[in-house]
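K.L.:
My structure is in query.cif, and what it holds is mmCIF, C-alpha atoms:
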data_model
loop_
_atom_site.group_PDB
_atom_site.id
_atom_site.type_symbol
_atom_site.label_atom_id
_atom_site.label_comp_id
_atom_site.auth_asym_id
_atom_site.auth_seq_id
_atom_site.Cartn_x
_atom_site.Cartn_y
_atom_site.Cartn_z
ATOM 1 C CA MET A 1 27.755 -35.766 -16.408
ATOM 2 C CA PRO A 2 26.190 -32.648 -14.818
ATOM 3 C CA GLN A 3 26.703 -29.379 -16.733
ATOM 4 C CA LEU A 4 28.829 -26.494 -15.506
ATOM 5 C CA GLN A 5 27.295 -23.032 -15.797
ATOM 6 C CA GLY A 6 30.490 -20.975 -16.066
ATOM 7 C CA ILE A 7 33.192 -19.626 -13.782
ATOM 8 C CA LEU A 8 31.834 -17.882 -10.705
ATOM 9 C CA GLU A 9 35.053 -16.465 -9.226
ATOM 10 C CA SER A 10 38.552 -15.666 -10.388
ATOM 11 C CA ALA A 11 41.287 -14.690 -7.948
ATOM 12 C CA LEU A 12 44.447 -12.618 -8.101
ATOM 13 C CA TYR A 13 46.982 -12.443 -5.280
ATOM 14 C CA VAL A 14 48.630 -9.063 -4.724
ATOM 15 C CA ASP A 15 51.414 -7.544 -2.650
ATOM 16 C CA ASP A 16 49.755 -4.166 -2.034
ATOM 17 C CA LYS A 17 46.016 -4.750 -1.667
ATOM 18 C CA PRO A 18 44.963 -1.077 -1.299
ATOM 19 C CA ARG A 19 46.871 -0.212 -4.511
ATOM 20 C CA SER A 20 45.236 -3.090 -6.395
ATOM 21 C CA VAL A 21 41.776 -2.308 -5.049
ATOM 22 C CA ALA A 22 42.204 1.276 -6.284
ATOM 23 C CA PHE A 23 43.277 -0.006 -9.728
ATOM 24 C CA PHE A 24 40.303 -2.337 -10.202
ATOM 25 C CA ARG A 25 37.845 0.193 -8.742
ATOM 26 C CA ASP A 26 39.142 3.414 -10.326
ATOM 27 C CA VAL A 27 40.770 2.297 -13.594
ATOM 28 C CA MET A 28 38.708 -0.804 -14.445
ATOM 29 C CA GLY A 29 35.466 0.599 -13.000
ATOM 30 C CA LEU A 30 34.525 -2.506 -11.010
ATOM 31 C CA THR A 31 32.149 -2.251 -8.049
ATOM 32 C CA ILE A 32 33.202 -3.599 -4.655
ATOM 33 C CA VAL A 33 30.681 -6.089 -3.296
ATOM 34 C CA ARG A 34 32.689 -7.226 -0.247
ATOM 35 C CA ASP A 35 35.757 -5.746 1.421
ATOM 36 C CA GLU A 36 37.711 -7.455 4.184
ATOM 37 C CA GLU A 37 41.305 -7.386 5.375
ATOM 38 C CA ARG A 38 42.386 -10.462 3.412
ATOM 39 C CA LEU A 39 40.213 -9.984 0.312
ATOM 40 C CA THR A 40 38.155 -7.593 -1.731
ATOM 41 C CA ALA A 41 35.443 -8.954 -4.041
ATOM 42 C CA PHE A 42 34.382 -7.052 -7.162
ATOM 43 C CA ASP A 43 31.373 -7.505 -9.421
ATOM 44 C CA ALA A 44 33.037 -8.378 -12.725
ATOM 45 C CA GLY A 45 30.229 -7.764 -15.187
ATOM 46 C CA GLY A 46 27.200 -9.138 -13.398
ATOM 47 C CA ARG A 47 27.948 -12.836 -13.912
ATOM 48 C CA SER A 48 31.262 -13.334 -12.109
ATOM 49 C CA ILE A 49 33.295 -12.101 -9.166
ATOM 50 C CA LEU A 50 36.933 -10.996 -9.167
ATOM 51 C CA LEU A 51 38.603 -11.698 -5.832
ATOM 52 C CA ILE A 52 41.693 -9.700 -4.887
ATOM 53 C CA PHE A 53 43.584 -11.409 -2.052
ATOM 54 C CA ALA A 54 46.501 -10.020 -0.110
ATOM 55 C CA ARG A 55 49.316 -12.443 -0.999
ATOM 56 C CA LYS A 56 49.848 -15.143 1.679
ATOM 57 C CA ALA A 57 46.867 -13.881 3.738
ATOM 58 C CA SER A 58 44.784 -16.963 2.913
ATOM 59 C CA LEU A 59 47.344 -19.753 3.262
ATOM 60 C CA ASP A 60 45.811 -21.125 6.462
ATOM 61 C CA GLY A 61 42.243 -21.018 5.278
ATOM 62 C CA GLU A 62 39.380 -19.542 7.236
ATOM 63 C CA ASP A 63 36.740 -20.926 9.552
ATOM 64 C CA THR A 64 33.281 -19.496 8.946
ATOM 65 C CA PRO A 65 29.955 -20.222 10.678
ATOM 66 C CA GLY A 66 29.047 -22.375 7.649
ATOM 67 C CA GLY A 67 32.302 -24.358 7.397
ATOM 68 C CA HIS A 68 36.004 -24.144 6.609
ATOM 69 C CA ILE A 69 37.389 -22.431 3.479
ATOM 70 C CA PRO A 70 40.626 -24.250 2.496
ATOM 71 C CA GLY A 71 43.860 -22.272 2.260
ATOM 72 C CA HIS A 72 45.095 -21.030 -1.125
ATOM 73 C CA ASP A 73 47.564 -18.566 -2.652
ATOM 74 C CA GLY A 74 49.269 -17.747 -5.923
ATOM 75 C CA ALA A 75 52.528 -16.278 -7.145
ATOM 76 C CA GLY A 76 53.933 -14.946 -10.377
ATOM 77 C CA PRO A 77 52.161 -13.142 -13.199
ATOM 78 C CA LEU A 78 48.698 -14.686 -13.385
ATOM 79 C CA HIS A 79 46.305 -14.084 -16.297
ATOM 80 C CA MET A 80 42.651 -13.220 -16.710
ATOM 81 C CA ALA A 81 40.539 -11.669 -19.472
ATOM 82 C CA PHE A 82 37.564 -9.314 -19.325
ATOM 83 C CA LYS A 83 34.808 -9.582 -21.948
ATOM 84 C CA VAL A 84 34.080 -6.333 -23.803
ATOM 85 C CA ALA A 85 31.713 -5.558 -26.666
ATOM 86 C CA ALA A 86 33.466 -5.226 -30.034
ATOM 87 C CA GLY A 87 32.193 -1.645 -30.277
ATOM 88 C CA ASP A 88 33.796 -0.771 -26.905
ATOM 89 C CA TYR A 89 37.236 -2.225 -27.644
ATOM 90 C CA ASP A 90 38.886 1.003 -28.867
ATOM 91 C CA ALA A 91 37.366 3.032 -26.023
ATOM 92 C CA TRP A 92 38.719 0.550 -23.458
ATOM 93 C CA ARG A 93 42.178 0.490 -25.049
ATOM 94 C CA ASP A 94 42.285 4.297 -25.172
ATOM 95 C CA HIS A 95 41.027 4.582 -21.577
ATOM 96 C CA LEU A 96 43.765 2.234 -20.332
ATOM 97 C CA ARG A 97 46.428 4.134 -22.274
ATOM 98 C CA ARG A 98 45.242 7.502 -20.877
ATOM 99 C CA ALA A 99 45.320 6.010 -17.368
ATOM 100 C CA GLY A 100 48.999 5.117 -17.885
ATOM 101 C CA VAL A 101 48.414 1.372 -17.594
ATOM 102 C CA ALA A 102 51.359 -0.727 -18.821
ATOM 103 C CA GLU A 103 50.537 -1.966 -22.335
ATOM 104 C CA LEU A 104 51.830 -5.420 -23.267
ATOM 105 C CA SER A 105 50.411 -6.270 -26.695
ATOM 106 C CA GLU A 106 47.444 -6.348 -29.023
ATOM 107 C CA VAL A 107 46.225 -9.372 -30.995
ATOM 108 C CA THR A 108 43.701 -9.767 -33.813
ATOM 109 C CA TRP A 109 42.613 -13.392 -33.803
ATOM 110 C CA PRO A 110 41.976 -15.417 -37.010
ATOM 111 C CA THR A 111 38.474 -16.113 -35.666
ATOM 112 C CA GLY A 112 37.653 -12.378 -35.622
ATOM 113 C CA GLY A 113 38.128 -11.381 -31.995
ATOM 114 C CA LYS A 114 40.568 -8.802 -30.699
ATOM 115 C CA SER A 115 42.579 -8.774 -27.475
ATOM 116 C CA TYR A 116 44.426 -5.990 -25.693
ATOM 117 C CA TYR A 117 46.901 -7.165 -23.055
ATOM 118 C CA PHE A 118 48.055 -4.976 -20.168
ATOM 119 C CA SER A 119 49.492 -5.280 -16.652
ATOM 120 C CA ASP A 120 47.941 -4.505 -13.313
ATOM 121 C CA PRO A 121 50.101 -2.963 -10.553
ATOM 122 C CA ASP A 122 51.351 -6.439 -9.493
ATOM 123 C CA GLY A 123 52.383 -7.464 -13.019
ATOM 124 C CA HIS A 124 49.429 -9.779 -13.646
ATOM 125 C CA VAL A 125 48.663 -10.118 -17.348
ATOM 126 C CA LEU A 126 45.159 -8.791 -17.932
ATOM 127 C CA GLU A 127 43.227 -8.734 -21.187
ATOM 128 C CA ILE A 128 40.169 -7.135 -22.680
ATOM 129 C CA ALA A 129 38.717 -9.402 -25.344
ATOM 130 C CA THR A 130 35.936 -9.044 -27.895
ATOM 131 C CA PRO A 131 33.612 -11.786 -29.144
ATOM 132 C CA GLY A 132 35.203 -14.120 -31.664
ATOM 133 C CA LEU A 133 38.107 -15.171 -29.469
ATOM 134 C CA TRP A 134 36.696 -18.585 -28.469
ATOM 135 C CA PRO A 135 33.872 -20.737 -29.843
ATOM 136 C CA SER A 136 31.855 -19.929 -26.685
ATOM 137 C CA TYR A 137 32.580 -16.195 -26.904
#
Show this structure as structure tokens.
P.N.:
Amino acid sequence: MPQLQGILESALYVDDKPRSVAFFRDVMGLTIVRDEERLTAFDAGGRSILLIFARKASLDGEDTPGGHIPGHDGAGPLHMAFKVAAGDYDAWRDHLRRAGVAELSEVTWPTGGKSYYFSDPDGHVLEIATPGLWPSY
């Protein structure tokens, strides 16, 4: 079987796209690499892209010069985790607290990693995670 090389994109669907774009740009420090009416794409650490879609704006799909992108959408509190260096964990947690971001929980894993869970403005469950959480990280 051919080998996968990782996850290229992750997507969140939001009700107020400008509010969410401001959160990921200003609070999370991500850089916008593409900004359109239905989506904003962020560089999420140099190896992956975070796509923020206006909810229901992509249901019909989109025709492009290179082909058709199938429709998609999502609802409810979705989840994603950001990798952080173990030495940056406390600084990230403290930064999010100072920014007034809704804190959900903190976990120290038996394998040695740590996770800090918080909510974005749409109630998605986000996480910063240190190495030791998974065998591959």
K.L.:
Do you have the atom CA of His72 of chain A-atom CA of Tyr137 of chain A distance handy?
P.N.:
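Those two atoms sit 29.1 Å apart.
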K.L.:
If you count all atoms listed in the file, which residues fall within 10 Å of segment 89-92 of chain A, apart from same-chain ones fewer than 6 positions away, as a list in words?
P.N.:
Met28, Lys83, Arg98, Lys114, Ser115, Tyr116, Ile128, Ala129 and Thr130 of chain A
K.L.:
What gap, in Å, lies between atom CA of Ala99 of chain A and atom CA of Phe23 of chain A?
P.N.:
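Spanning atom CA of Ala99 of chain A to atom CA of Phe23 of chain A is a straight-line distance of 9.9 Å.
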K.L.:
Which of these residues is nearest to Gly45 of chain A, using only C-alpha atoms: A:Leu4, A:Val21, A:Ala85, A:Leu126?
P.N.:
A:Ala85
K.L.:
Return the single residue from A:Phe53, A:Trp134, A:Phe118, A:Phe82 that is closest to Glu106 of chain A, with distances computed using only C-alpha atoms.
P.N.:
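Ranking A:Phe53, A:Trp134, A:Phe118, A:Phe82 by distance to Glu106 of chain A, first place goes to A:Phe118.
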K.L.:
If I put a ball of radius 12 Å at (42.5, 3.0, -10.3) in the file's coordinates, which residues poke into it when counting all atoms listed in the file, written as a tab-separated table (two decimals) with C-alpha atoms, in the frame of the given file?
P.N.:
chain	number	residue	atom	x	y	z
A	18	PRO	CA	44.96	-1.08	-1.30
A	19	ARG	CA	46.87	-0.21	-4.51
A	20	SER	CA	45.24	-3.09	-6.40
A	21	VAL	CA	41.78	-2.31	-5.05
A	22	ALA	CA	42.20	1.28	-6.28
A	23	PHE	CA	43.28	-0.01	-9.73
A	24	PHE	CA	40.30	-2.34	-10.20
A	25	ARG	CA	37.84	0.19	-8.74
A	26	ASP	CA	39.14	3.41	-10.33
A	27	VAL	CA	40.77	2.30	-13.59
A	28	MET	CA	38.71	-0.80	-14.44
A	29	GLY	CA	35.47	0.60	-13.00
A	30	LEU	CA	34.52	-2.51	-11.01
A	31	THR	CA	32.15	-2.25	-8.05
A	95	HIS	CA	41.03	4.58	-21.58
A	96	LEU	CA	43.76	2.23	-20.33
A	98	ARG	CA	45.24	7.50	-20.88
A	99	ALA	CA	45.32	6.01	-17.37
A	100	GLY	CA	49.00	5.12	-17.89
A	101	VAL	CA	48.41	1.37	-17.59
A	120	ASP	CA	47.94	-4.50	-13.31
A	121	PRO	CA	50.10	-2.96	-10.55
K.L.:
Go through A:Gly87, A:Gly67, A:Gly76, A:Pro110 and flag the residue nearest Gly123 of chain A, using all atoms listed in the file for the distances.
P.N.:
A:Gly76
K.L.:
Residues within 6 Å of Ile32 of chain A, please, as a VMD selection string. Count only C-alpha atoms; anything in the same chain fewer than 2 positions from it doesn't count.
P.N.:
chain A and resid 34 41 to 42
K.L.:
Mind pulling up the distance from atom CA of Ser105 of chain A to atom CA of Val125 of chain A?
P.N.:
10.3 Å
K.L.:
Quick one: of A:His124, A:Arg47, A:Arg93, A:His68, who's nearest to Val14 of chain A, counting only C-alpha atoms?
P.N.:
A:His124
K.L.:
What are the centre and the three edge lengths of an axis-aligned box that wraps all atoms of segment 60-75 of chain A in the file, given that 3 Å is added to every side, written as lines of an AutoDock Vina configuration file and rounded to one decimal in Å?
P.N.:
center_x = 40.8
center_y = -20.3
center_z = 1.8
size_x = 29.5
size_y = 14.1
size_z = 23.8
K.L.:
Please provide the set of residues having any atom within 10 Å of Leu39 of chain A, restricted to only C-alpha atoms, with same-chain residues fewer than 5 positions apart removed, written as a CSV table (one decimal) with C-alpha atoms, in the coordinates of the input.
P.N.:
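As a result, around17.csv now contains:
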chain,number,residue,atom,x,y,z
A,11,ALA,CA,41.3,-14.7,-7.9
A,12,LEU,CA,44.4,-12.6,-8.1
A,13,TYR,CA,47.0,-12.4,-5.3
A,14,VAL,CA,48.6,-9.1,-4.7
A,17,LYS,CA,46.0,-4.8,-1.7
A,21,VAL,CA,41.8,-2.3,-5.0
A,34,ARG,CA,32.7,-7.2,-0.2
A,51,LEU,CA,38.6,-11.7,-5.8
A,52,ILE,CA,41.7,-9.7,-4.9
A,53,PHE,CA,43.6,-11.4,-2.1
A,54,ALA,CA,46.5,-10.0,-0.1
A,55,ARG,CA,49.3,-12.4,-1.0
A,57,ALA,CA,46.9,-13.9,3.7
A,58,SER,CA,44.8,-17.0,2.9
K.L.:
Which is closer to Gly6 of chain A than all the others in A:Ser136, A:Arg38, A:Ala75, A:Asp60, using all atoms listed in the file?
P.N.:
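Looking only at the distances to Gly6 of chain A, the closest residue turns out to be A:Ser136.
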K.L.:
Of the candidates A:Asp88, A:Asp43, A:Glu37, A:Glu103, which one gets nearest to Ser10 of chain A if we count all atoms listed in the file?
P.N.:
A:Asp43
K.L.:
Complete segment 51-71 of chain A at the level of N, CA and C atoms, written as a tab-separated table (two decimals), keeping the file's coordinate frame.
P.N.:
chain	number	residue	atom	x	y	z
A	51	LEU	N	38.12	-11.75	-7.20
A	51	LEU	CA	38.60	-11.70	-5.83
A	51	LEU	C	40.05	-11.23	-5.84
A	52	ILE	N	40.34	-10.19	-5.06
A	52	ILE	CA	41.69	-9.70	-4.89
A	52	ILE	C	42.10	-10.07	-3.46
A	53	PHE	N	43.10	-10.96	-3.35
A	53	PHE	CA	43.58	-11.41	-2.05
A	53	PHE	C	44.95	-10.80	-1.78
A	54	ALA	N	45.15	-10.38	-0.54
A	54	ALA	CA	46.50	-10.02	-0.11
A	54	ALA	C	47.33	-11.31	-0.16
A	55	ARG	N	48.48	-11.25	-0.85
A	55	ARG	CA	49.32	-12.44	-1.00
A	55	ARG	C	49.65	-13.03	0.37
A	56	LYS	N	49.55	-14.33	0.49
A	56	LYS	CA	49.85	-15.14	1.68
A	56	LYS	C	48.87	-14.94	2.83
A	57	ALA	N	47.82	-14.12	2.66
A	57	ALA	CA	46.87	-13.88	3.74
A	57	ALA	C	45.85	-15.00	3.86
A	58	SER	N	45.79	-15.90	2.89
A	58	SER	CA	44.78	-16.96	2.91
A	58	SER	C	45.39	-18.36	2.96
A	59	LEU	N	46.67	-18.45	3.26
A	59	LEU	CA	47.34	-19.75	3.26
A	59	LEU	C	46.74	-20.73	4.28
A	60	ASP	N	46.31	-20.25	5.41
A	60	ASP	CA	45.81	-21.12	6.46
A	60	ASP	C	44.33	-21.44	6.33
A	61	GLY	N	43.68	-20.82	5.40
A	61	GLY	CA	42.24	-21.02	5.28
A	61	GLY	C	41.51	-20.18	6.31
A	62	GLU	N	40.19	-20.36	6.33
A	62	GLU	CA	39.38	-19.54	7.24
A	62	GLU	C	38.17	-20.35	7.70
A	63	ASP	N	37.94	-20.31	9.01
A	63	ASP	CA	36.74	-20.93	9.55
A	63	ASP	C	35.61	-19.91	9.50
A	64	THR	N	34.46	-20.35	9.00
A	64	THR	CA	33.28	-19.50	8.95
A	64	THR	C	32.16	-20.22	9.69
A	65	PRO	N	31.08	-19.53	10.02
A	65	PRO	CA	29.96	-20.22	10.68
A	65	PRO	C	29.41	-21.38	9.85
A	66	GLY	N	29.58	-21.33	8.51
A	66	GLY	CA	29.05	-22.38	7.65
A	66	GLY	C	30.02	-23.47	7.31
A	67	GLY	N	31.30	-23.34	7.71
A	67	GLY	CA	32.30	-24.36	7.40
A	67	GLY	C	33.67	-23.74	7.15
A	68	HIS	N	34.62	-24.58	6.80
A	68	HIS	CA	36.00	-24.14	6.61
A	68	HIS	C	36.30	-23.89	5.13
A	69	ILE	N	36.91	-22.74	4.83
A	69	ILE	CA	37.39	-22.43	3.48
A	69	ILE	C	38.85	-22.85	3.43
A	70	PRO	N	39.24	-23.79	2.56
A	70	PRO	CA	40.63	-24.25	2.50
A	70	PRO	C	41.59	-23.12	2.12
A	71	GLY	N	42.83	-23.25	2.57
A	71	GLY	CA	43.86	-22.27	2.26
A	71	GLY	C	44.23	-22.30	0.78
